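Enquirer: If it helps, the file is called start-v3.cif and holds mmCIF, C-alpha atoms:
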```
data_work
#
loop_
_atom_site.label_atom_id
_atom_site.label_comp_id
_atom_site.auth_asym_id
_atom_site.auth_seq_id
_atom_site.Cartn_x
_atom_site.Cartn_y
_atom_site.Cartn_z
CA ASP W 70 -13.26 1.37 -1.70
CA THR W 71 -13.00 -2.18 -0.32
CA ALA W 72 -10.37 -2.38 2.42
CA VAL W 73 -9.24 -6.00 1.95
CA SER W 74 -10.18 -7.69 -1.29
CA GLN W 75 -9.64 -11.22 -2.53
CA THR W 76 -9.98 -12.88 -5.90
CA PRO W 77 -11.56 -15.11 -6.85
CA LYS W 78 -14.52 -15.40 -4.49
CA TYR W 79 -15.21 -18.97 -5.59
CA LEU W 80 -12.76 -21.49 -7.00
CA VAL W 81 -13.74 -24.99 -8.11
CA THR W 82 -10.97 -27.20 -9.40
CA GLN W 83 -9.89 -30.80 -9.70
CA MET W 84 -7.40 -32.71 -7.57
CA GLY W 85 -3.83 -32.31 -8.71
CA ASN W 86 -4.27 -28.84 -10.20
CA ASP W 87 -2.32 -25.74 -9.15
CA LYS W 88 -4.24 -22.58 -8.25
CA SER W 89 -3.60 -19.11 -6.84
CA ILE W 90 -5.64 -16.76 -4.69
CA LYS W 91 -4.86 -13.06 -4.66
CA CYS W 92 -5.28 -10.55 -1.87
CA GLU W 93 -4.91 -6.79 -1.83
CA GLN W 94 -5.37 -4.24 0.95
CA ASN W 95 -5.67 -0.49 0.50
CA LEU W 96 -5.40 0.38 4.19
CA GLY W 97 -1.68 1.11 4.14
CA HIS W 98 -1.09 -1.74 6.58
CA ASP W 99 2.31 -3.37 6.99
CA THR W 100 1.16 -6.88 7.94
CA MET W 101 -0.95 -9.38 6.04
CA TYR W 102 -2.20 -12.87 6.85
CA TRP W 103 -3.71 -15.98 5.35
CA TYR W 104 -6.24 -18.01 7.34
CA LYS W 105 -8.00 -21.26 6.54
CA GLN W 106 -11.57 -21.84 7.75
CA ASP W 107 -12.66 -25.45 7.61
CA SER W 108 -16.17 -26.87 7.33
CA LYS W 109 -16.63 -26.59 11.10
CA LYS W 110 -15.89 -22.87 10.90
CA PHE W 111 -12.58 -23.21 12.72
CA LEU W 112 -10.22 -20.36 11.79
CA LYS W 113 -6.53 -21.17 11.72
CA ILE W 114 -3.65 -18.96 10.74
CA MET W 115 -1.40 -20.20 7.96
CA PHE W 116 1.04 -17.42 7.15
CA SER W 117 1.84 -13.83 7.98
CA TYR W 118 4.00 -11.28 6.19
CA ASN W 119 5.27 -8.02 7.61
CA ASN W 120 6.56 -5.60 4.98
CA LYS W 121 7.07 -8.45 2.52
CA GLU W 122 8.94 -10.56 5.09
CA LEU W 123 7.53 -13.91 6.25
CA ILE W 124 7.03 -13.78 10.03
CA ILE W 125 4.54 -16.55 10.74
CA ASN W 126 4.68 -19.89 9.01
CA GLU W 127 2.45 -22.43 10.69
CA THR W 128 2.53 -26.15 10.07
CA VAL W 129 1.22 -26.05 6.52
CA PRO W 130 2.09 -28.48 3.70
CA ASN W 131 4.85 -27.33 1.38
CA ARG W 132 2.28 -27.31 -1.40
CA PHE W 133 1.13 -23.95 -0.02
CA SER W 134 3.42 -21.05 -0.90
CA PRO W 135 2.65 -17.44 -0.07
CA LYS W 136 4.16 -14.57 -2.01
CA SER W 137 4.17 -10.89 -1.17
CA PRO W 138 5.31 -8.72 -4.10
CA ASP W 139 4.74 -5.58 -2.03
CA LYS W 140 3.22 -4.83 1.34
CA ALA W 141 -0.25 -4.24 -0.15
CA HIS W 142 -0.46 -7.69 -1.74
CA LEU W 143 -0.24 -11.22 -0.43
CA ASN W 144 -0.97 -14.10 -2.75
CA LEU W 145 -1.37 -17.78 -1.97
CA HIS W 146 -0.33 -20.45 -4.44
CA ILE W 147 -1.36 -24.04 -3.91
CA ASN W 148 0.25 -26.90 -5.82
CA SER W 149 -1.17 -30.38 -6.38
CA LEU W 150 -4.52 -29.62 -4.80
CA GLU W 151 -6.06 -32.30 -2.58
CA LEU W 152 -9.64 -32.88 -1.43
CA GLY W 153 -8.68 -31.80 2.08
CA ASP W 154 -7.70 -28.37 0.81
CA SER W 155 -11.38 -27.56 0.31
CA ALA W 156 -12.13 -24.69 2.68
CA VAL W 157 -12.67 -20.97 2.80
CA TYR W 158 -9.42 -19.01 2.74
CA PHE W 159 -9.36 -15.56 4.29
CA CYS W 160 -6.81 -12.85 3.83
CA ALA W 161 -6.44 -10.24 6.59
CA SER W 162 -4.29 -7.23 7.32
CA SER W 163 -3.24 -5.20 10.33
CA GLN W 164 -1.41 -1.92 10.75
CA ASP W 165 1.56 -3.82 12.07
CA ARG W 166 2.11 -7.11 13.77
CA THR W 167 1.90 -5.79 17.32
CA LEU W 168 -1.11 -3.46 17.28
CA GLY W 169 -3.76 -6.13 17.10
CA GLU W 170 -6.75 -5.21 14.99
CA GLN W 171 -6.96 -7.42 11.94
CA TYR W 172 -9.28 -6.69 9.05
CA PHE W 173 -10.52 -9.63 7.04
CA GLY W 174 -11.32 -9.97 3.37
CA PRO W 175 -14.54 -11.58 2.11
CA GLY W 176 -12.95 -15.00 1.67
CA THR W 177 -12.31 -17.41 -1.20
CA ARG W 178 -14.30 -20.62 -1.15
CA LEU W 179 -12.09 -23.34 -2.63
CA THR W 180 -13.72 -26.60 -3.65
CA VAL W 181 -11.51 -29.44 -4.81
CA THR W 182 -13.28 -32.24 -6.65
CA GLY J 93 1.53 -21.97 22.38
CA GLU J 94 -1.79 -20.28 23.02
CA ASN J 95 -4.97 -22.30 23.34
CA VAL J 96 -8.37 -20.60 23.34
CA GLU J 97 -11.56 -22.38 24.36
CA GLN J 98 -14.96 -20.87 23.61
CA HIS J 99 -18.38 -21.76 25.02
CA PRO J 100 -21.12 -22.38 24.17
CA SER J 101 -20.86 -23.64 20.61
CA THR J 102 -24.47 -22.66 19.93
CA LEU J 103 -26.69 -20.15 21.68
CA SER J 104 -30.38 -19.53 21.06
CA VAL J 105 -31.92 -16.44 22.61
CA GLN J 106 -35.25 -14.67 22.35
CA GLU J 107 -35.18 -11.24 20.84
CA GLY J 108 -34.62 -8.68 23.55
CA ASP J 109 -32.80 -11.07 25.87
CA SER J 110 -29.07 -10.98 26.62
CA ALA J 111 -26.42 -13.31 25.22
CA VAL J 112 -23.13 -14.19 26.88
CA ILE J 113 -20.21 -16.01 25.28
CA LYS J 114 -17.19 -17.05 27.33
CA CYS J 115 -13.60 -17.76 26.36
CA THR J 116 -10.55 -18.94 28.25
CA TYR J 117 -6.94 -18.70 27.16
CA SER J 118 -3.77 -20.41 28.29
CA ASP J 119 -0.88 -18.03 27.58
CA SER J 120 -0.46 -15.42 30.30
CA ALA J 121 1.59 -13.33 27.83
CA SER J 122 -1.49 -12.73 25.65
CA ASN J 123 -2.31 -9.05 25.68
CA TYR J 124 -5.03 -8.41 23.12
CA PHE J 125 -8.48 -10.01 22.96
CA PRO J 126 -10.73 -9.22 19.98
CA TRP J 127 -14.21 -10.46 19.20
CA TYR J 128 -15.32 -11.04 15.64
CA LYS J 129 -18.77 -11.47 14.11
CA GLN J 130 -19.08 -13.56 10.97
CA GLU J 131 -22.28 -13.44 8.95
CA LEU J 132 -23.08 -16.11 6.41
CA GLY J 133 -20.87 -15.87 3.34
CA LYS J 134 -18.77 -13.02 4.71
CA GLY J 135 -15.44 -12.53 6.39
CA PRO J 136 -15.13 -12.02 10.15
CA GLN J 137 -15.67 -8.43 11.27
CA LEU J 138 -14.18 -6.94 14.40
CA ILE J 139 -16.96 -5.84 16.76
CA ILE J 140 -15.10 -5.07 19.97
CA ASP J 141 -11.70 -5.68 21.50
CA ILE J 142 -9.97 -5.31 24.85
CA ARG J 143 -6.36 -5.06 25.87
CA SER J 144 -4.79 -6.62 28.92
CA ASN J 145 -4.55 -3.36 30.85
CA VAL J 146 -8.34 -2.93 30.86
CA GLY J 147 -10.97 -4.98 32.67
CA GLU J 148 -14.11 -3.97 30.81
CA LYS J 149 -15.12 -2.17 27.64
CA LYS J 150 -18.55 -1.27 26.34
CA ASP J 151 -19.85 -0.15 22.96
CA GLN J 152 -23.62 0.39 22.84
CA ARG J 153 -25.25 -3.05 23.22
CA ILE J 154 -22.03 -5.03 23.36
CA ALA J 155 -19.49 -5.27 26.16
CA VAL J 156 -16.43 -7.33 26.86
CA THR J 157 -14.94 -8.21 30.24
CA LEU J 158 -11.47 -9.57 30.93
CA ASN J 159 -10.21 -11.38 33.99
CA LYS J 160 -6.45 -11.71 33.57
CA THR J 161 -5.97 -13.67 36.76
CA ALA J 162 -8.43 -16.34 35.71
CA LYS J 163 -7.45 -15.99 32.04
CA HIS J 164 -10.95 -15.63 30.75
CA PHE J 165 -12.91 -13.02 28.86
CA SER J 166 -16.54 -12.73 27.89
CA LEU J 167 -18.76 -11.04 25.32
CA HIS J 168 -22.09 -9.67 26.45
CA ILE J 169 -24.81 -8.64 24.00
CA THR J 170 -27.85 -6.93 25.50
CA GLU J 171 -31.27 -6.38 23.94
CA THR J 172 -30.51 -8.88 21.20
CA GLN J 173 -32.00 -8.32 17.74
CA PRO J 174 -32.44 -10.71 14.80
CA GLU J 175 -29.49 -9.04 13.03
CA ASP J 176 -27.25 -10.19 15.88
CA SER J 177 -27.64 -13.75 14.54
CA ALA J 178 -24.18 -14.84 13.34
CA VAL J 179 -21.12 -16.82 14.36
CA TYR J 180 -19.02 -15.05 16.98
CA PHE J 181 -15.33 -15.74 17.49
CA CYS J 182 -13.08 -14.77 20.34
CA ALA J 183 -9.34 -14.62 19.91
CA ALA J 184 -6.22 -14.05 21.97
CA THR J 185 -3.01 -12.67 20.59
CA ASP J 186 0.53 -12.44 21.85
CA SER J 187 3.07 -9.68 21.35
CA TRP J 188 4.01 -11.16 17.98
CA GLY J 189 0.52 -10.46 16.69
CA LYS J 190 -0.38 -14.10 16.24
CA PHE J 191 -4.10 -14.77 16.75
CA GLN J 192 -5.46 -17.96 18.22
CA PHE J 193 -9.20 -18.13 17.60
CA GLY J 194 -11.83 -19.89 19.63
CA ALA J 195 -14.00 -22.46 17.85
CA GLY J 196 -16.89 -20.03 17.41
CA THR J 197 -20.41 -19.65 18.79
CA GLN J 198 -23.44 -19.79 16.52
CA VAL J 199 -25.91 -17.26 17.93
CA VAL J 200 -29.53 -17.49 16.83
CA VAL J 201 -31.91 -14.72 17.88
CA THR J 202 -35.52 -15.73 17.49
CA PRO J 203 -38.24 -13.06 17.16
#
```
Write out the structure in this file as structure tokens.
Expert:
Amino acid sequence: DTAVSQTPKYLVTQMGNDKSIKCEQNLGHDTMYWYKQDSKKFLKIMFSYNNKELIINETVPNRFSPKSPDKAHLNLHINSLELGDSAVYFCASSQDRTLGEQYFGPGTRLTVT
Amino acid sequence: GENVEQHPSTLSVQEGDSAVIKCTYSDSASNYFPWYKQELGKGPQLIIDIRSNVGEKKDQRIAVTLNKTAKHFSLHITETQPEDSAVYFCAATDSWGKFQFGAGTQVVVTP
């Protein structure tokens, strides 16, 4: 009965590879987000989708591409992984983009070697 | 855009004492101010929030105050317990729902 789930929880891969992280929410929310948390714990928004439409697209390398097949899912695909991509990636969702409360998933720890 | 500053970066308190974390924001249009608690290896969890039409909100041992004029808001934890040890984040959000997080405060409650 997990509200926001992510897979995988851990991801270790080599530089240059392409990888995907999946996120699903069963809260019936319209809006979903991807955040990156660096080694200093700083949380920064990357993308947001509202009903499958991209509404926030921060300054993120083109190697990162989100995809939302339906409003319950938001996946993150990363091409040509670099060492600096190592971080914890969090998915979150909110009822809609104006009501505030965001619920976070457990995170995916990505390590690029 | 919005800029949120959070202080202190680390906070050590004795069990039973109070802890206060302060945040300032720059965008006067910000209207929602949540606080999140992140335990080791977990995602941030919302613990309390306040909207711009309210000055104070309390939930058991935690309270948040907001001063819109000064553009700052604070988290107060009373009667701290070891399970309060975690990283706490403040955030400010605008009408588009975009969060800007503070840098976080590592709270350590020592028995």
Enquirer: Report as a PyMOL selection string the set of chain W residues whose atoms approach chain J to within 8 Å, with distances computed over all atoms listed in the file.
Expert: chain W and resi 110-114+125+159+166-176
Enquirer: Atom CA of J:Glu131 to atom CA of J:Val199: how many Å, to one decimal?
Expert: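 Interatomic distance, atom CA of J:Glu131 to atom CA of J:Val199: 10.4 Å.
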Enquirer: Would you please work out which residue, of J:Tyr117, J:Ser144, J:Trp127, J:Val96, is nearest to J:His168 when using all atoms listed in the file?
Expert: J:Trp127
Enquirer: At what distance in Å, to one decimal, does atom CA of J:Ser122 lie from atom CA of W:Tyr104?
Expert: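 Going from atom CA of W:Tyr104 over to atom CA of J:Ser122, I get 19.6 Å.
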Enquirer: Given only C-alpha atoms as the basis, pick out the residue of W:Lys140, W:Lys88, W:Pro135, W:Thr71 nearest to W:Ser163.
Expert: W:Lys140
Enquirer: Could you tell me how far atom CA of J:Val200 lies from atom CA of J:Leu103, in Å and to one decimal?
Expert: 6.2 Å
Enquirer: Within 12 Å of (-14.2, -10.0, 34.9) (file coordinates; all atoms listed in the file), which protein or nucleic acid residues are there? I'd like them as a ChimeraX atom specification.
Expert: /J:114-116,142,144,146-149,155-168
Enquirer: May I have the protein, DNA and RNA residues with an atom at most 9 Å from (-28.5, -5.9, 19.4), counting only C-alpha atoms in the file's coordinates, returned as a list in words?
Expert: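 So the residues meeting the distance criterion are Glu107, Gly108, Ser110, Gln152, Arg153, Ile154, Ile169, Thr170, Glu171, Thr172, Gln173, Pro174, Glu175 and Asp176 of chain J.
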Enquirer: Hey, what comes out of the PyMOL selection byres ((chain W and resi 179) around 6) on this file? Could you write it as a list in words?
Expert: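 Taken on the displayed file, the PyMOL selection byres ((chain W and resi 179) around 6) yields the residues Leu80, Val81, Ser155, Ala156, Val157, Arg178 and Thr180 of chain W.
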Enquirer: Since fewer atoms than expected are present, regenerate all heavy atoms for stretch 147-158 of chain J and write them as a PDB file, in the frame of the given file.
Expert:
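Written output follows (rebuild27.pdb):
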```pdb
ATOM      1  N   GLY J 147     -10.143  -3.883  32.200  1.00  0.00           N
ATOM      2  CA  GLY J 147     -10.970  -4.980  32.670  1.00  0.00           C
ATOM      3  C   GLY J 147     -12.322  -5.088  31.991  1.00  0.00           C
ATOM      4  O   GLY J 147     -12.908  -6.154  31.933  1.00  0.00           O
ATOM      5  N   GLU J 148     -12.781  -3.962  31.427  1.00  0.00           N
ATOM      6  CA  GLU J 148     -14.110  -3.970  30.810  1.00  0.00           C
ATOM      7  C   GLU J 148     -14.173  -2.878  29.750  1.00  0.00           C
ATOM      8  O   GLU J 148     -13.561  -1.817  29.884  1.00  0.00           O
ATOM      9  CB  GLU J 148     -15.184  -3.718  31.868  1.00  0.00           C
ATOM     10  CG  GLU J 148     -16.608  -3.849  31.355  1.00  0.00           C
ATOM     11  CD  GLU J 148     -17.643  -3.748  32.469  1.00  0.00           C
ATOM     12  OE1 GLU J 148     -17.250  -3.674  33.645  1.00  0.00           O
ATOM     13  OE2 GLU J 148     -18.839  -3.749  32.152  1.00  0.00           O
ATOM     14  N   LYS J 149     -14.929  -3.157  28.698  1.00  0.00           N
ATOM     15  CA  LYS J 149     -15.120  -2.170  27.640  1.00  0.00           C
ATOM     16  C   LYS J 149     -16.518  -2.333  27.084  1.00  0.00           C
ATOM     17  O   LYS J 149     -16.996  -3.463  26.927  1.00  0.00           O
ATOM     18  CB  LYS J 149     -14.074  -2.379  26.543  1.00  0.00           C
ATOM     19  CG  LYS J 149     -14.080  -1.357  25.426  1.00  0.00           C
ATOM     20  CD  LYS J 149     -12.923  -1.635  24.481  1.00  0.00           C
ATOM     21  CE  LYS J 149     -12.922  -0.684  23.298  1.00  0.00           C
ATOM     22  NZ  LYS J 149     -11.788  -0.993  22.371  1.00  0.00           N
ATOM     23  N   LYS J 150     -17.165  -1.207  26.802  1.00  0.00           N
ATOM     24  CA  LYS J 150     -18.550  -1.270  26.340  1.00  0.00           C
ATOM     25  C   LYS J 150     -18.720  -0.412  25.086  1.00  0.00           C
ATOM     26  O   LYS J 150     -18.115   0.662  24.954  1.00  0.00           O
ATOM     27  CB  LYS J 150     -19.485  -0.783  27.437  1.00  0.00           C
ATOM     28  CG  LYS J 150     -20.945  -1.038  27.167  1.00  0.00           C
ATOM     29  CD  LYS J 150     -21.804  -0.663  28.365  1.00  0.00           C
ATOM     30  CE  LYS J 150     -23.268  -0.934  28.056  1.00  0.00           C
ATOM     31  NZ  LYS J 150     -24.159  -0.544  29.156  1.00  0.00           N
ATOM     32  N   ASP J 151     -19.535  -0.912  24.163  1.00  0.00           N
ATOM     33  CA  ASP J 151     -19.850  -0.150  22.960  1.00  0.00           C
ATOM     34  C   ASP J 151     -21.314  -0.413  22.637  1.00  0.00           C
ATOM     35  O   ASP J 151     -21.660  -1.448  22.080  1.00  0.00           O
ATOM     36  CB  ASP J 151     -18.950  -0.575  21.797  1.00  0.00           C
ATOM     37  CG  ASP J 151     -19.208   0.234  20.540  1.00  0.00           C
ATOM     38  OD1 ASP J 151     -20.040   1.170  20.561  1.00  0.00           O
ATOM     39  OD2 ASP J 151     -18.573  -0.064  19.512  1.00  0.00           O
ATOM     40  N   GLN J 152     -22.174   0.500  23.040  1.00  0.00           N
ATOM     41  CA  GLN J 152     -23.620   0.390  22.840  1.00  0.00           C
ATOM     42  C   GLN J 152     -24.142  -0.905  23.459  1.00  0.00           C
ATOM     43  O   GLN J 152     -24.072  -1.061  24.673  1.00  0.00           O
ATOM     44  CB  GLN J 152     -23.951   0.517  21.350  1.00  0.00           C
ATOM     45  CG  GLN J 152     -23.532   1.881  20.794  1.00  0.00           C
ATOM     46  CD  GLN J 152     -23.895   2.062  19.327  1.00  0.00           C
ATOM     47  OE1 GLN J 152     -24.146   1.131  18.575  1.00  0.00           O
ATOM     48  NE2 GLN J 152     -23.922   3.321  18.902  1.00  0.00           N
ATOM     49  N   ARG J 153     -24.634  -1.834  22.650  1.00  0.00           N
ATOM     50  CA  ARG J 153     -25.250  -3.050  23.220  1.00  0.00           C
ATOM     51  C   ARG J 153     -24.249  -4.158  23.496  1.00  0.00           C
ATOM     52  O   ARG J 153     -24.618  -5.222  23.979  1.00  0.00           O
ATOM     53  CB  ARG J 153     -26.338  -3.557  22.285  1.00  0.00           C
ATOM     54  CG  ARG J 153     -27.541  -2.628  22.145  1.00  0.00           C
ATOM     55  CD  ARG J 153     -28.648  -3.284  21.321  1.00  0.00           C
ATOM     56  NE  ARG J 153     -28.237  -3.605  19.967  1.00  0.00           N
ATOM     57  CZ  ARG J 153     -28.006  -4.839  19.518  1.00  0.00           C
ATOM     58  NH1 ARG J 153     -28.141  -5.881  20.338  1.00  0.00           N
ATOM     59  NH2 ARG J 153     -27.654  -5.043  18.269  1.00  0.00           N
ATOM     60  N   ILE J 154     -23.004  -3.964  23.124  1.00  0.00           N
ATOM     61  CA  ILE J 154     -22.030  -5.030  23.360  1.00  0.00           C
ATOM     62  C   ILE J 154     -20.984  -4.578  24.374  1.00  0.00           C
ATOM     63  O   ILE J 154     -20.637  -3.404  24.446  1.00  0.00           O
ATOM     64  CB  ILE J 154     -21.360  -5.501  22.053  1.00  0.00           C
ATOM     65  CG1 ILE J 154     -20.649  -4.340  21.357  1.00  0.00           C
ATOM     66  CG2 ILE J 154     -22.356  -6.166  21.137  1.00  0.00           C
ATOM     67  CD1 ILE J 154     -19.844  -4.792  20.149  1.00  0.00           C
ATOM     68  N   ALA J 155     -20.516  -5.544  25.160  1.00  0.00           N
ATOM     69  CA  ALA J 155     -19.490  -5.270  26.160  1.00  0.00           C
ATOM     70  C   ALA J 155     -18.594  -6.487  26.256  1.00  0.00           C
ATOM     71  O   ALA J 155     -19.013  -7.617  25.964  1.00  0.00           O
ATOM     72  CB  ALA J 155     -20.128  -4.968  27.507  1.00  0.00           C
ATOM     73  N   VAL J 156     -17.371  -6.243  26.651  1.00  0.00           N
ATOM     74  CA  VAL J 156     -16.430  -7.330  26.860  1.00  0.00           C
ATOM     75  C   VAL J 156     -15.793  -7.144  28.234  1.00  0.00           C
ATOM     76  O   VAL J 156     -15.500  -6.020  28.644  1.00  0.00           O
ATOM     77  CB  VAL J 156     -15.370  -7.394  25.738  1.00  0.00           C
ATOM     78  CG1 VAL J 156     -14.596  -6.095  25.626  1.00  0.00           C
ATOM     79  CG2 VAL J 156     -14.426  -8.562  25.932  1.00  0.00           C
ATOM     80  N   THR J 157     -15.618  -8.244  28.958  1.00  0.00           N
ATOM     81  CA  THR J 157     -14.940  -8.210  30.240  1.00  0.00           C
ATOM     82  C   THR J 157     -13.742  -9.134  30.178  1.00  0.00           C
ATOM     83  O   THR J 157     -13.757 -10.147  29.471  1.00  0.00           O
ATOM     84  CB  THR J 157     -15.880  -8.655  31.383  1.00  0.00           C
ATOM     85  OG1 THR J 157     -16.363  -9.977  31.095  1.00  0.00           O
ATOM     86  CG2 THR J 157     -17.070  -7.721  31.518  1.00  0.00           C
ATOM     87  N   LEU J 158     -12.707  -8.784  30.915  1.00  0.00           N
ATOM     88  CA  LEU J 158     -11.470  -9.570  30.930  1.00  0.00           C
ATOM     89  C   LEU J 158     -11.032  -9.789  32.358  1.00  0.00           C
ATOM     90  O   LEU J 158     -10.946  -8.837  33.146  1.00  0.00           O
ATOM     91  CB  LEU J 158     -10.375  -8.817  30.157  1.00  0.00           C
ATOM     92  CG  LEU J 158      -8.950  -9.381  30.252  1.00  0.00           C
ATOM     93  CD1 LEU J 158      -8.871 -10.763  29.622  1.00  0.00           C
ATOM     94  CD2 LEU J 158      -7.961  -8.430  29.601  1.00  0.00           C
TER      95      LEU J 158
END
```
